[in-house]
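Chemist: So here's protein12.tsv, just TSV, C-alpha atoms and all ligand atoms:
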chain	number	residue	atom	x	y	z
A	71	MET	CA	28.86	18.79	1.37
A	72	ASN	CA	29.05	21.94	-0.67
A	73	LYS	CA	29.72	24.99	1.49
A	74	ASN	CA	27.11	27.31	-0.02
A	75	PHE	CA	24.57	24.56	0.02
A	76	ILE	CA	25.07	23.98	3.76
A	77	GLN	CA	24.84	27.68	4.50
A	78	GLU	CA	21.61	28.00	2.54
A	79	GLU	CA	20.17	24.92	4.14
A	80	ILE	CA	20.98	26.21	7.63
A	81	LEU	CA	19.49	29.62	6.91
A	82	ARG	CA	16.37	28.08	5.43
A	83	SER	CA	15.68	25.48	8.07
A	84	SER	CA	16.37	27.89	10.95
A	85	GLY	CA	14.53	30.85	9.47
A	86	VAL	CA	17.26	33.07	10.99
A	87	ASN	CA	18.63	36.19	9.34
A	88	PRO	CA	22.16	36.61	10.82
A	89	LYS	CA	22.51	39.99	9.11
A	90	LYS	CA	20.22	41.47	11.77
A	91	CYS	CA	22.94	40.86	14.41
A	92	MET	CA	24.56	44.02	15.81
A	93	LYS	CA	27.33	42.05	17.56
A	94	CYS	CA	26.48	43.11	21.08
A	95	GLY	CA	27.34	39.70	22.56
A	96	LYS	CA	24.30	39.60	24.83
A	97	CYS	CA	23.36	36.11	23.64
A	98	SER	CA	26.70	34.70	24.72
A	99	ALA	CA	26.71	36.68	27.95
A	100	THR	CA	23.42	35.08	29.00
A	101	CYS	CA	24.19	31.56	27.74
A	102	PRO	CA	24.29	29.03	30.61
A	103	ALA	CA	26.54	26.72	28.56
A	104	TYR	CA	29.05	29.46	27.72
A	105	ASP	CA	31.96	27.99	29.70
A	106	GLU	CA	31.62	24.62	28.00
A	107	MET	CA	31.41	25.94	24.47
A	108	GLU	CA	34.25	26.29	22.02
A	109	TYR	CA	32.05	28.45	19.77
A	110	HIS	CA	29.54	30.66	21.54
A	111	PRO	CA	26.08	31.71	20.35
A	112	HIS	CA	27.29	35.02	18.84
A	113	GLN	CA	29.98	33.11	16.95
A	114	PHE	CA	27.41	30.75	15.48
A	115	VAL	CA	25.66	33.85	14.17
A	116	SER	CA	28.75	35.46	12.65
A	117	MET	CA	30.24	32.22	11.31
A	118	VAL	CA	27.03	31.15	9.61
A	119	GLU	CA	26.73	34.63	8.14
A	120	SER	CA	30.24	34.53	6.70
A	121	GLY	CA	29.91	30.92	5.56
A	122	ASP	CA	32.67	29.69	7.88
A	123	ILE	CA	30.58	26.68	8.88
A	124	GLU	CA	33.08	23.83	8.68
A	125	PRO	CA	34.49	24.36	12.21
A	126	LEU	CA	30.97	24.41	13.66
A	127	LEU	CA	30.08	21.10	12.05
A	128	SER	CA	32.80	19.27	13.95
A	129	SER	CA	32.49	21.18	17.23
A	130	GLU	CA	31.27	19.67	20.49
A	131	SER	CA	29.54	23.01	21.11
A	132	LEU	CA	26.61	21.63	19.10
A	133	TYR	CA	25.88	19.27	21.97
A	134	LYS	CA	26.38	21.74	24.79
A	135	CYS	CA	23.44	23.99	23.99
A	136	LEU	CA	20.66	23.38	26.54
A	137	SER	CA	17.81	24.73	24.39
A	138	CYS	CA	17.02	27.13	27.21
A	139	PHE	CA	16.00	29.81	24.67
A	140	ALA	CA	17.59	32.55	26.81
A	141	CYS	CA	19.58	33.79	23.81
A	142	ILE	CA	16.35	33.96	21.82
A	143	ASP	CA	14.46	36.00	24.39
A	144	ARG	CA	17.33	38.29	25.36
A	145	CYS	CA	18.72	39.22	21.93
A	146	PRO	CA	17.80	42.87	21.34
A	147	ARG	CA	17.64	42.28	17.57
A	148	GLY	CA	15.47	39.17	17.49
A	149	VAL	CA	18.18	37.09	15.81
A	150	GLN	CA	17.37	33.82	17.63
A	151	PRO	CA	20.87	32.27	17.81
A	152	ALA	CA	19.63	28.97	19.31
A	153	LYS	CA	17.84	28.25	16.05
A	154	LEU	CA	21.17	28.39	14.24
A	155	VAL	CA	22.81	26.08	16.76
A	156	GLU	CA	19.95	23.65	16.19
A	157	ALA	CA	20.10	23.92	12.41
A	158	VAL	CA	23.85	23.22	12.37
A	159	ARG	CA	23.40	20.28	14.73
A	160	LEU	CA	20.67	18.86	12.51
A	161	ALA	CA	22.88	19.30	9.43
A	162	VAL	CA	25.34	16.99	11.19
A	163	ILE	CA	23.15	14.36	12.84
A	164	ARG	CA	20.88	13.95	9.83
A	165	GLN	CA	23.80	12.43	7.94
A	166	GLN	CA	24.32	8.68	7.90
A	167	ASP	CA	25.82	7.30	11.14
A	168	LYS	CA	26.24	10.69	12.74
A	169	ASN	CA	23.98	10.21	15.72
A	170	HIS	CA	25.56	11.73	18.78
A	171	LEU	CA	23.75	9.36	21.14
A	172	THR	CA	22.61	5.80	20.48
A	173	ALA	CA	20.22	3.52	22.36
A	174	ASN	CA	23.22	1.44	23.49
A	175	ASP	CA	24.66	4.45	25.29
A	176	ILE	CA	21.55	4.93	27.41
A	177	PRO	CA	21.53	2.17	30.07
A	178	LYS	CA	24.80	3.21	31.67
A	179	LEU	CA	23.60	6.82	31.89
A	180	LEU	CA	20.47	6.02	33.89
A	181	ASP	CA	19.81	5.96	37.61
A	182	ASP	CA	16.72	4.99	39.59
A	183	GLU	CA	15.19	8.43	39.39
A	184	THR	CA	15.94	9.36	35.76
A	185	PRO	CA	12.73	10.82	34.35
A	186	GLN	CA	11.56	9.60	30.95
A	187	GLN	CA	11.64	13.24	29.88
A	188	LEU	CA	15.43	13.26	30.18
A	189	ILE	CA	15.85	10.28	27.87
A	190	VAL	CA	13.42	11.46	25.20
A	191	SER	CA	14.80	15.01	25.28
A	192	ALA	CA	18.41	13.90	24.89
A	193	PHE	CA	17.37	11.62	22.03
A	194	ARG	CA	15.42	14.34	20.29
A	195	LYS	CA	18.43	16.65	20.41
A	196	TYR	CA	21.25	14.24	19.66
A	197	THR	CA	19.78	11.58	17.40
A	198	LYS	CA	18.03	11.26	14.09
B	239	MET	CA	-15.92	22.42	32.97
B	240	ARG	CA	-14.20	19.69	30.99
B	241	VAL	CA	-10.84	20.10	29.29
B	242	SER	CA	-8.69	17.81	27.15
B	243	TYR	CA	-5.69	16.66	29.13
B	244	PHE	CA	-2.29	15.62	27.81
B	245	PRO	CA	-0.37	13.97	30.69
B	246	GLY	CA	2.83	12.94	28.90
B	247	CYS	CA	5.19	10.02	29.36
B	248	THR	CA	6.97	11.13	32.53
B	249	LEU	CA	3.70	11.70	34.39
B	250	LYS	CA	2.84	8.06	33.79
B	251	ASN	CA	6.14	6.96	35.30
B	252	LYS	CA	8.57	8.95	37.43
B	253	ALA	CA	6.32	11.97	37.91
B	254	ARG	CA	3.10	10.25	39.02
B	255	ASP	CA	2.67	12.82	41.79
B	256	LEU	CA	2.55	15.62	39.29
B	257	ASP	CA	-0.31	13.88	37.49
B	258	GLU	CA	-2.27	12.46	40.42
B	259	TYR	CA	-2.42	15.70	42.41
B	260	ALA	CA	-3.23	17.69	39.30
B	261	ARG	CA	-6.30	15.55	38.69
B	262	LYS	CA	-7.50	15.45	42.30
B	263	SER	CA	-7.07	19.20	42.70
B	264	ALA	CA	-8.81	19.99	39.42
B	265	GLU	CA	-11.87	18.03	40.55
B	266	VAL	CA	-12.10	20.11	43.71
B	267	LEU	CA	-11.91	23.22	41.55
B	268	GLY	CA	-14.71	22.07	39.28
B	269	ILE	CA	-12.60	21.05	36.30
B	270	THR	CA	-12.43	17.56	34.88
B	271	LEU	CA	-9.24	16.63	33.08
B	272	GLU	CA	-10.32	14.31	30.27
B	273	GLU	CA	-7.25	12.36	29.28
B	274	ILE	CA	-6.76	12.26	25.53
B	275	PRO	CA	-7.03	8.62	24.47
B	276	ASP	CA	-3.90	7.14	22.87
B	277	TRP	CA	-1.82	10.29	23.28
B	278	GLN	CA	1.78	9.93	22.17
B	279	CYS	CA	4.94	11.35	23.73
B	280	CYS	CA	5.59	14.98	22.78
B	281	GLY	CA	9.33	14.32	22.41
B	282	GLY	CA	10.39	16.39	25.40
B	283	VAL	CA	11.90	19.33	23.53
B	284	PHE	CA	10.69	21.32	20.55
B	285	THR	CA	12.86	21.19	17.46
B	286	THR	CA	12.99	24.71	16.09
B	287	ALA	CA	13.92	23.68	12.54
B	288	LYS	CA	11.10	24.49	10.13
B	289	ASN	CA	11.75	21.35	8.07
B	290	GLU	CA	11.33	19.01	11.03
B	291	VAL	CA	7.76	17.76	10.68
B	292	ALA	CA	7.24	14.11	11.57
B	293	THR	CA	8.39	14.43	15.17
B	294	LYS	CA	5.81	17.15	15.81
B	295	LEU	CA	2.81	15.10	14.72
B	296	SER	CA	2.13	13.64	18.16
B	297	SER	CA	1.46	17.18	19.40
B	298	VAL	CA	-0.71	17.88	16.38
B	299	ARG	CA	-2.82	14.79	17.06
B	300	ALA	CA	-3.46	15.96	20.63
B	301	LEU	CA	-4.30	19.47	19.40
B	302	LYS	CA	-6.70	18.08	16.81
B	303	TYR	CA	-8.40	15.89	19.36
B	304	ALA	CA	-9.07	18.90	21.59
B	305	ALA	CA	-10.25	20.92	18.59
B	306	ALA	CA	-12.78	18.23	17.67
B	307	LYS	CA	-14.09	18.28	21.24
B	308	GLU	CA	-14.03	22.09	21.30
B	309	GLN	CA	-12.10	21.95	24.55
B	310	PRO	CA	-8.98	23.76	25.68
B	311	LEU	CA	-5.89	21.53	25.81
B	312	VAL	CA	-4.22	21.43	29.23
B	313	SER	CA	-0.92	19.89	30.25
B	314	VAL	CA	0.92	20.14	33.53
B	315	CYS	CA	4.46	19.13	32.55
B	316	SER	CA	6.44	22.21	31.48
B	317	ALA	CA	8.06	20.31	28.63
B	318	CYS	CA	4.85	18.90	27.13
B	319	HIS	CA	3.24	22.31	27.35
B	320	ASN	CA	6.21	23.98	25.68
B	321	VAL	CA	6.36	21.50	22.80
B	322	ILE	CA	2.60	21.49	22.19
B	323	LYS	CA	2.31	25.27	22.35
B	324	GLN	CA	5.27	25.84	20.05
B	325	THR	CA	3.90	23.30	17.59
B	326	ASN	CA	0.50	25.00	17.60
B	327	HIS	CA	2.17	28.36	17.06
B	328	ALA	CA	4.18	27.00	14.13
B	329	ILE	CA	0.97	25.77	12.50
B	330	LYS	CA	-0.67	29.16	12.95
B	331	THR	CA	2.25	31.22	11.68
B	332	ASP	CA	4.08	29.06	9.13
B	333	ALA	CA	1.82	28.17	6.20
B	334	ASP	CA	4.39	25.86	4.65
B	335	PHE	CA	4.77	23.89	7.89
B	336	ALA	CA	0.98	23.71	8.31
B	337	LYS	CA	0.64	22.35	4.79
B	338	LYS	CA	3.21	19.65	5.38
B	339	VAL	CA	1.58	18.67	8.65
B	340	ASN	CA	-1.82	18.38	7.03
B	341	ASN	CA	-0.38	16.44	4.11
B	342	TYR	CA	1.00	13.89	6.55
B	343	MET	CA	-2.43	13.53	8.07
B	344	ALA	CA	-4.11	13.26	4.70
B	345	GLU	CA	-7.12	11.28	5.83
B	346	GLU	CA	-8.15	13.75	8.47
B	347	THR	CA	-9.59	17.27	8.30
B	348	PRO	CA	-6.98	20.03	8.11
B	349	TYR	CA	-5.91	21.64	11.35
B	350	ALA	CA	-5.12	25.36	11.49
B	351	GLY	CA	-4.09	25.93	15.10
B	352	GLU	CA	-7.52	26.68	16.55
B	353	THR	CA	-7.05	24.92	19.92
B	354	GLN	CA	-6.41	27.04	23.03
B	355	VAL	CA	-3.35	25.64	24.79
B	356	TYR	CA	-3.07	26.09	28.56
B	357	HIS	CA	-0.52	25.11	31.12
B	358	TYR	CA	-2.22	23.93	34.33
B	359	LEU	CA	-0.97	27.08	36.07
B	360	GLU	CA	-2.65	29.20	33.38
B	361	MET	CA	-5.78	27.13	33.85
B	362	LEU	CA	-5.69	28.05	37.55
B	363	ARG	CA	-5.13	31.71	36.78
B	364	ASP	CA	-7.38	32.19	33.74
B	365	LEU	CA	-10.10	29.52	33.94
B	366	VAL	CA	-10.46	29.00	37.70
B	367	GLY	CA	-9.05	32.30	38.99
B	368	PHE	CA	-6.64	32.61	41.91
B	369	ASP	CA	-9.34	34.23	44.06
B	370	ALA	CA	-11.67	31.28	43.49
B	371	LEU	CA	-8.79	28.93	44.25
B	372	LYS	CA	-8.12	30.76	47.49
B	373	GLU	CA	-11.71	30.22	48.59
B	374	LYS	CA	-11.34	26.46	48.18
B	375	VAL	CA	-8.22	26.26	50.34
B	376	VAL	CA	-8.91	24.30	53.54
B	377	ASN	CA	-5.35	23.86	54.70
B	378	ALA	CA	-3.49	27.11	54.01
B	379	LEU	CA	0.27	26.66	53.93
B	380	SER	CA	0.58	29.67	56.21
B	381	GLY	CA	4.04	30.98	56.85
B	382	LYS	CA	5.72	28.52	54.51
B	383	LYS	CA	8.38	30.28	52.43
B	384	ILE	CA	8.21	28.81	48.96
B	385	ALA	CA	10.47	29.61	46.01
B	386	ALA	CA	8.90	29.18	42.58
B	387	TYR	CA	11.30	27.66	40.06
B	388	TYR	CA	10.18	28.50	36.53
B	389	GLY	CA	13.23	27.25	34.65
B	390	CYS	CA	13.14	27.82	30.90
B	391	LEU	CA	10.26	25.92	29.43
B	392	LEU	CA	7.27	27.67	30.98
B	393	LEU	CA	8.35	31.13	29.89
B	394	ARG	CA	10.49	30.91	26.75
B	395	PRO	CA	10.38	31.72	23.97
B	396	ASN	CA	8.10	34.45	25.26
B	397	SER	CA	6.82	35.45	21.82
B	398	VAL	CA	5.17	32.02	21.70
B	399	MET	CA	4.57	31.01	25.31
B	400	GLN	CA	2.97	34.31	26.41
B	401	MET	CA	2.49	33.00	29.92
B	402	ASP	CA	3.90	35.93	31.80
B	403	ASP	CA	6.68	38.52	31.77
B	404	PRO	CA	9.65	36.20	31.08
B	405	GLU	CA	12.06	38.26	33.17
B	406	ASN	CA	9.72	39.13	36.03
B	407	PRO	CA	7.02	36.46	36.13
B	408	GLN	CA	4.25	36.54	38.76
B	409	ILE	CA	2.03	33.55	38.02
B	410	MET	CA	3.71	31.06	40.36
B	411	GLU	CA	4.16	33.65	43.10
B	412	ASN	CA	0.46	34.48	42.86
B	413	PHE	CA	-0.29	30.76	43.01
B	414	ILE	CA	1.83	30.48	46.17
B	415	LYS	CA	-0.09	33.37	47.72
B	416	ALA	CA	-3.41	31.79	46.79
B	417	ILE	CA	-2.55	28.63	48.75
B	418	GLY	CA	-1.66	30.75	51.74
B	419	ALA	CA	2.14	30.51	51.62
B	420	THR	CA	4.75	33.23	51.19
B	421	PRO	CA	6.54	33.48	47.85
B	422	VAL	CA	10.31	33.93	47.87
B	423	VAL	CA	11.56	35.88	44.87
B	424	TYR	CA	15.15	35.19	43.74
B	425	ALA	CA	17.19	36.04	40.66
B	426	MET	CA	17.79	32.52	39.32
B	427	ARG	CA	14.13	31.47	39.20
B	428	ASN	CA	14.03	31.67	35.39
B	429	GLU	CA	17.52	30.35	34.66
B	430	CYS	CA	18.26	26.87	33.32
B	431	CYS	CA	18.92	23.83	35.58
B	432	GLY	CA	20.98	22.21	32.82
B	433	GLY	CA	18.04	20.28	31.34
B	434	TYR	CA	18.96	17.24	29.27
B	435	ILE	CA	22.69	17.99	29.53
B	436	SER	CA	22.67	15.94	32.74
B	437	MET	CA	22.69	12.91	30.45
B	438	GLU	CA	26.20	13.48	29.21
B	439	SER	CA	27.65	16.46	31.07
B	440	PRO	CA	26.53	15.91	34.66
B	441	ASP	CA	29.08	18.43	35.87
B	442	LEU	CA	27.49	21.23	33.89
B	443	ALA	CA	24.01	20.27	35.14
B	444	SER	CA	25.36	20.18	38.66
B	445	LYS	CA	26.79	23.71	38.40
B	446	LYS	CA	23.57	25.11	36.96
B	447	SER	CA	21.29	23.34	39.45
B	448	ASN	CA	23.39	24.27	42.46
B	449	ALA	CA	23.33	27.92	41.49
B	450	VAL	CA	19.52	27.84	41.47
B	451	VAL	CA	19.18	26.09	44.84
B	452	GLU	CA	21.82	28.22	46.58
B	453	ASN	CA	20.21	31.38	45.27
B	454	ALA	CA	16.74	30.29	46.46
B	455	LYS	CA	18.08	29.37	49.88
B	456	ALA	CA	19.97	32.64	50.24
B	457	ALA	CA	16.65	34.40	49.64
B	458	GLY	CA	15.12	32.43	52.52
B	459	ALA	CA	13.33	29.59	50.73
B	460	GLU	CA	12.26	26.55	52.76
B	461	MET	CA	10.91	24.71	49.75
B	462	ILE	CA	11.12	24.91	45.95
B	463	ILE	CA	8.18	24.16	43.68
B	464	THR	CA	8.40	23.30	39.99
B	465	ALA	CA	6.21	22.05	37.14
B	466	CYS	CA	9.02	20.20	35.39
B	467	PRO	CA	10.12	16.62	36.17
B	468	LEU	CA	13.58	17.23	34.71
B	469	CYS	CA	14.12	20.39	36.79
B	470	LYS	CA	13.07	18.44	39.88
B	471	TYR	CA	15.41	15.59	39.04
B	472	ASN	CA	18.36	17.87	38.37
B	473	LEU	CA	17.89	19.95	41.52
B	474	ILE	CA	17.51	16.91	43.78
B	475	LYS	CA	20.24	14.88	42.13
B	476	ASN	CA	22.66	17.74	42.59
B	477	GLY	CA	22.14	17.90	46.29
B	478	ALA	CA	19.26	20.26	47.04
B	479	ASP	CA	18.97	20.18	50.84
B	480	ILE	CA	15.50	21.73	50.99
B	481	PRO	CA	12.46	19.91	49.59
B	482	VAL	CA	11.87	20.27	45.83
B	483	VAL	CA	8.28	19.29	45.01
B	484	TYR	CA	5.77	19.63	42.21
B	485	PHE	CA	3.47	22.61	42.55
B	486	THR	CA	0.54	20.20	42.31
B	487	GLN	CA	1.64	18.57	45.57
B	488	ALA	CA	1.47	21.89	47.39
B	489	LEU	CA	-1.87	22.59	45.71
B	490	ALA	CA	-3.33	19.24	46.73
B	491	GLU	CA	-2.16	19.74	50.28
B	492	ALA	CA	-3.79	23.17	50.45
B	493	LEU	CA	-7.02	21.80	49.02
B	494	GLY	CA	-7.05	18.96	51.53
B	495	VAL	CA	-6.66	16.13	49.02
B	496	LYS	CA	-3.16	15.25	50.21
B	497	GLU	CA	-1.82	14.77	53.71
B	498	ASP	CA	1.54	16.50	53.86
B	499	THR	CA	4.09	18.00	51.49
B	500	ASN	CA	7.53	16.88	52.42
B	501	GLU	CA	8.59	14.68	49.58
C	601	LIG	S1	19.54	28.15	23.85
C	601	LIG	FE1	21.59	27.20	23.79
C	601	LIG	S2	22.91	28.75	22.90
C	601	LIG	FE2	21.03	29.81	23.53
C	601	LIG	S3	21.46	30.59	25.60
C	601	LIG	FE3	20.48	28.57	25.84
C	601	LIG	S4	22.20	27.09	25.96
C	601	LIG	FE4	23.03	29.02	25.11
C	602	LIG	S1	22.33	39.10	21.25
C	602	LIG	FE1	21.56	39.19	19.12
C	602	LIG	S2	22.39	41.09	18.24
C	602	LIG	FE2	23.60	40.61	20.11
C	602	LIG	S3	25.35	39.37	19.35
C	602	LIG	FE3	23.75	37.91	19.93
C	602	LIG	S4	22.62	37.55	18.04
C	602	LIG	FE4	23.81	39.42	17.71
Can the structure in the file be given as structure tokens, please?
Modeler:
Amino acid sequence: MNKNFIQEEILRSSGVNPKKCMKCGKCSATCPAYDEMEYHPHQFVSMVESGDIEPLLSSESLYKCLSCFACIDRCPRGVQPAKLVEAVRLAVIRQQDKNHLTANDIPKLLDDETPQQLIVSAFRKYTK
Amino acid sequence: MRVSYFPGCTLKNKARDLDEYARKSAEVLGITLEEIPDWQCCGGVFTTAKNEVATKLSSVRALKYAAAKEQPLVSVCSACHNVIKQTNHAIKTDADFAKKVNNYMAEETPYAGETQVYHYLEMLRDLVGFDALKEKVVNALSGKKIAAYYGCLLLRPNSVMQMDDPENPQIMENFIKAIGATPVVYAMRNECCGGYISMESPDLASKKSNAVVENAKAAGAEMIITACPLCKYNLIKNGADIPVVYFTQALAEALGVKEDTNE
């Protein structure tokens, strides 16, 4: 994929303006998945802004975000970093054969109490 | 009063208690939950991308149904409520998205976001009133120290959900007071349990869930209540050693339509 095209697509589908970021780091400080992420919410913002998107596309960080929206509510500049994480993830999983989770993976991940909500949520986030 | 009711897939399966006690309690409070016929799963989480349309249509169908009946739309699962409310907001505020949605549903009348979307807790606060609820209590849970667990989905994003102050919410604590119990306030009540990450990173979910339970216990909680089946699952699966129950179970007990809240 063309680099500028991906950047534009991510900006458009997320509706985020990364230029509003004042680099305070509050989004990453509040992120419950911080320890598991290679790239943190504030890095998604700065890397998308600079067009350095390639490393994000292949990073497991895309699948560590919990969609808790804490970074959205607690950013003092209204940047909404989670929307960028989602837009980058969609740019990946919308490609052919790039689903992060398939129906075949599911049975071994279930137990007797697994709520349906868990299965549909994981599918919605990881699969196209 | 009659309202349109969206139960959601989990309430028909693993979270039957959440559904059953919501219905029974509503009847006592003078509200009939009219289940939307042929509702479809909300998808569990809202996709924030503006160009994601098809997966949001199940919410739109429910919203349209309620609009045609001129009823508020009520759900009790935090996730369903979050997805439906965010979808409704997107229709109201994003003309391009609204156009695409209505193009998909070409044969039907256009929908512009007119339905009022309530979580069951908001229904108790705004349509019933906590004072009126209190008057119907026959079995006050006196002395019980209950910690409200909000998690993420009820409160965030606040610009859309508008349920309460997202960093210092009161609605569940006021609910706990109305049923005669004592609310326990603790710092982690609006932090994430790990959500769907328990599917592939159980260790992360375990860390997040444990932090919530330990924090609630340290504040003196004897019981945790939640509106979210996934929160409940994560907290229990990761070893909560105090009861974690749906708020509707505590409600039904207080209203005398359930025997005892222990599991
Ligand atoms: S939405 Fe994702 S990136 Fe933002 S704080 Fe939550 S887990 Fe972190
Ligand atoms: S909280 Fe907002 S302003 Fe601060 S670094 Fe994150 S995105 Fe930028």
Chemist: Report as a list in words which protein, DNA and RNA residues come within 7 Å of ligand LIG 601 (chain C), using all atoms listed in the file.
Modeler: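 These are the residues that qualify: Cys97, Ser98, Thr100, Cys101, Pro102, Ala103, Tyr104, Pro111, Lys134, Cys135, Leu136, Ser137, Cys138, Phe139, Ala140, Cys141, Ile142, Pro151, Ala152 and Val155 of chain A.
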Chemist: Kindly determine which residues of chain A lie within 9 Å of chain B, considering all atoms listed in the file, and give the answer as JSON, numbers by chain.
Modeler: {"A": [80, 82, 83, 84, 85, 102, 103, 106, 133, 134, 135, 136, 137, 138, 139, 140, 142, 143, 152, 153, 154, 156, 157, 160, 176, 179, 180, 183, 184, 185, 186, 187, 188, 189, 190, 191, 192, 193, 194, 195]}
Chemist: Do you know which residues are within 8 Å of ligand LIG 602 (chain C) using only C-alpha atoms and all ligand atoms? Can you write them as a list of chain:residue names?
Modeler: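 I would give the residues around ligand LIG 602 (chain C) as A:Pro88, A:Lys90, A:Cys91, A:Met92, A:Lys93, A:Cys94, A:Gly95, A:Lys96, A:Cys97, A:Ser98, A:Pro111, A:His112, A:Val115, A:Cys141, A:Ile142, A:Arg144, A:Cys145, A:Pro146, A:Arg147, A:Gly148, A:Val149, A:Gln150, A:Pro151.
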Chemist: Would you pick out the contacts of Lys496 in chain B at 12 Å or less, using all atoms listed in the file, so that residues sharing its chain but fewer than 2 positions from it are not included, and give the list as a PDB file with C-alpha atoms, in the coordinates of the input?
Modeler:
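This went into selection-v7.pdb:
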ATOM      1  CA  ASP B 255       2.670  12.820  41.790  1.00  0.00           C
ATOM      2  CA  GLU B 258      -2.270  12.460  40.420  1.00  0.00           C
ATOM      3  CA  TYR B 259      -2.420  15.700  42.410  1.00  0.00           C
ATOM      4  CA  ALA B 260      -3.230  17.690  39.300  1.00  0.00           C
ATOM      5  CA  ARG B 261      -6.300  15.550  38.690  1.00  0.00           C
ATOM      6  CA  LYS B 262      -7.500  15.450  42.300  1.00  0.00           C
ATOM      7  CA  SER B 263      -7.070  19.200  42.700  1.00  0.00           C
ATOM      8  CA  VAL B 376      -8.910  24.300  53.540  1.00  0.00           C
ATOM      9  CA  ASN B 377      -5.350  23.860  54.700  1.00  0.00           C
ATOM     10  CA  THR B 486       0.540  20.200  42.310  1.00  0.00           C
ATOM     11  CA  GLN B 487       1.640  18.570  45.570  1.00  0.00           C
ATOM     12  CA  ALA B 488       1.470  21.890  47.390  1.00  0.00           C
ATOM     13  CA  LEU B 489      -1.870  22.590  45.710  1.00  0.00           C
ATOM     14  CA  ALA B 490      -3.330  19.240  46.730  1.00  0.00           C
ATOM     15  CA  GLU B 491      -2.160  19.740  50.280  1.00  0.00           C
ATOM     16  CA  ALA B 492      -3.790  23.170  50.450  1.00  0.00           C
ATOM     17  CA  LEU B 493      -7.020  21.800  49.020  1.00  0.00           C
ATOM     18  CA  GLY B 494      -7.050  18.960  51.530  1.00  0.00           C
ATOM     19  CA  ASP B 498       1.540  16.500  53.860  1.00  0.00           C
ATOM     20  CA  THR B 499       4.090  18.000  51.490  1.00  0.00           C
ATOM     21  CA  ASN B 500       7.530  16.880  52.420  1.00  0.00           C
ATOM     22  CA  GLU B 501       8.590  14.680  49.580  1.00  0.00           C
TER      23      GLU B 501
END
Chemist: Can you work out the spacing between CA of Asn453 in chain B and CA of Asn476 in chain B in Å, to one decimal?
Modeler: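 For CA of Asn453 in chain B relative to CA of Asn476 in chain B, the distance reads 14.1 Å.
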Chemist: Write out N, CA and C atoms for range 485-496 of chain B, as a CSV table (one decimal), keeping the file's coordinate frame.
Modeler:
chain,number,residue,atom,x,y,z
B,485,PHE,N,4.4,21.6,42.0
B,485,PHE,CA,3.5,22.6,42.6
B,485,PHE,C,2.1,22.0,42.8
B,486,THR,N,1.8,20.9,42.1
B,486,THR,CA,0.5,20.2,42.3
B,486,THR,C,0.5,19.5,43.7
B,487,GLN,N,1.6,19.2,44.2
B,487,GLN,CA,1.6,18.6,45.6
B,487,GLN,C,1.2,19.6,46.6
B,488,ALA,N,1.8,20.8,46.5
B,488,ALA,CA,1.5,21.9,47.4
B,488,ALA,C,0.0,22.3,47.2
B,489,LEU,N,-0.5,22.3,46.0
B,489,LEU,CA,-1.9,22.6,45.7
B,489,LEU,C,-2.8,21.6,46.4
B,490,ALA,N,-2.5,20.3,46.2
B,490,ALA,CA,-3.3,19.2,46.7
B,490,ALA,C,-3.3,19.3,48.2
B,491,GLU,N,-2.2,19.6,48.8
B,491,GLU,CA,-2.2,19.7,50.3
B,491,GLU,C,-3.1,20.9,50.7
B,492,ALA,N,-3.0,22.0,50.1
B,492,ALA,CA,-3.8,23.2,50.4
B,492,ALA,C,-5.3,22.9,50.3
B,493,LEU,N,-5.6,22.1,49.3
B,493,LEU,CA,-7.0,21.8,49.0
B,493,LEU,C,-7.5,20.6,49.9
B,494,GLY,N,-6.6,20.0,50.6
B,494,GLY,CA,-7.0,19.0,51.5
B,494,GLY,C,-7.2,17.6,50.8
B,495,VAL,N,-6.6,17.4,49.7
B,495,VAL,CA,-6.7,16.1,49.0
B,495,VAL,C,-5.3,15.4,49.1
B,496,LYS,N,-4.4,15.9,49.9
B,496,LYS,CA,-3.2,15.2,50.2
B,496,LYS,C,-2.8,15.6,51.7
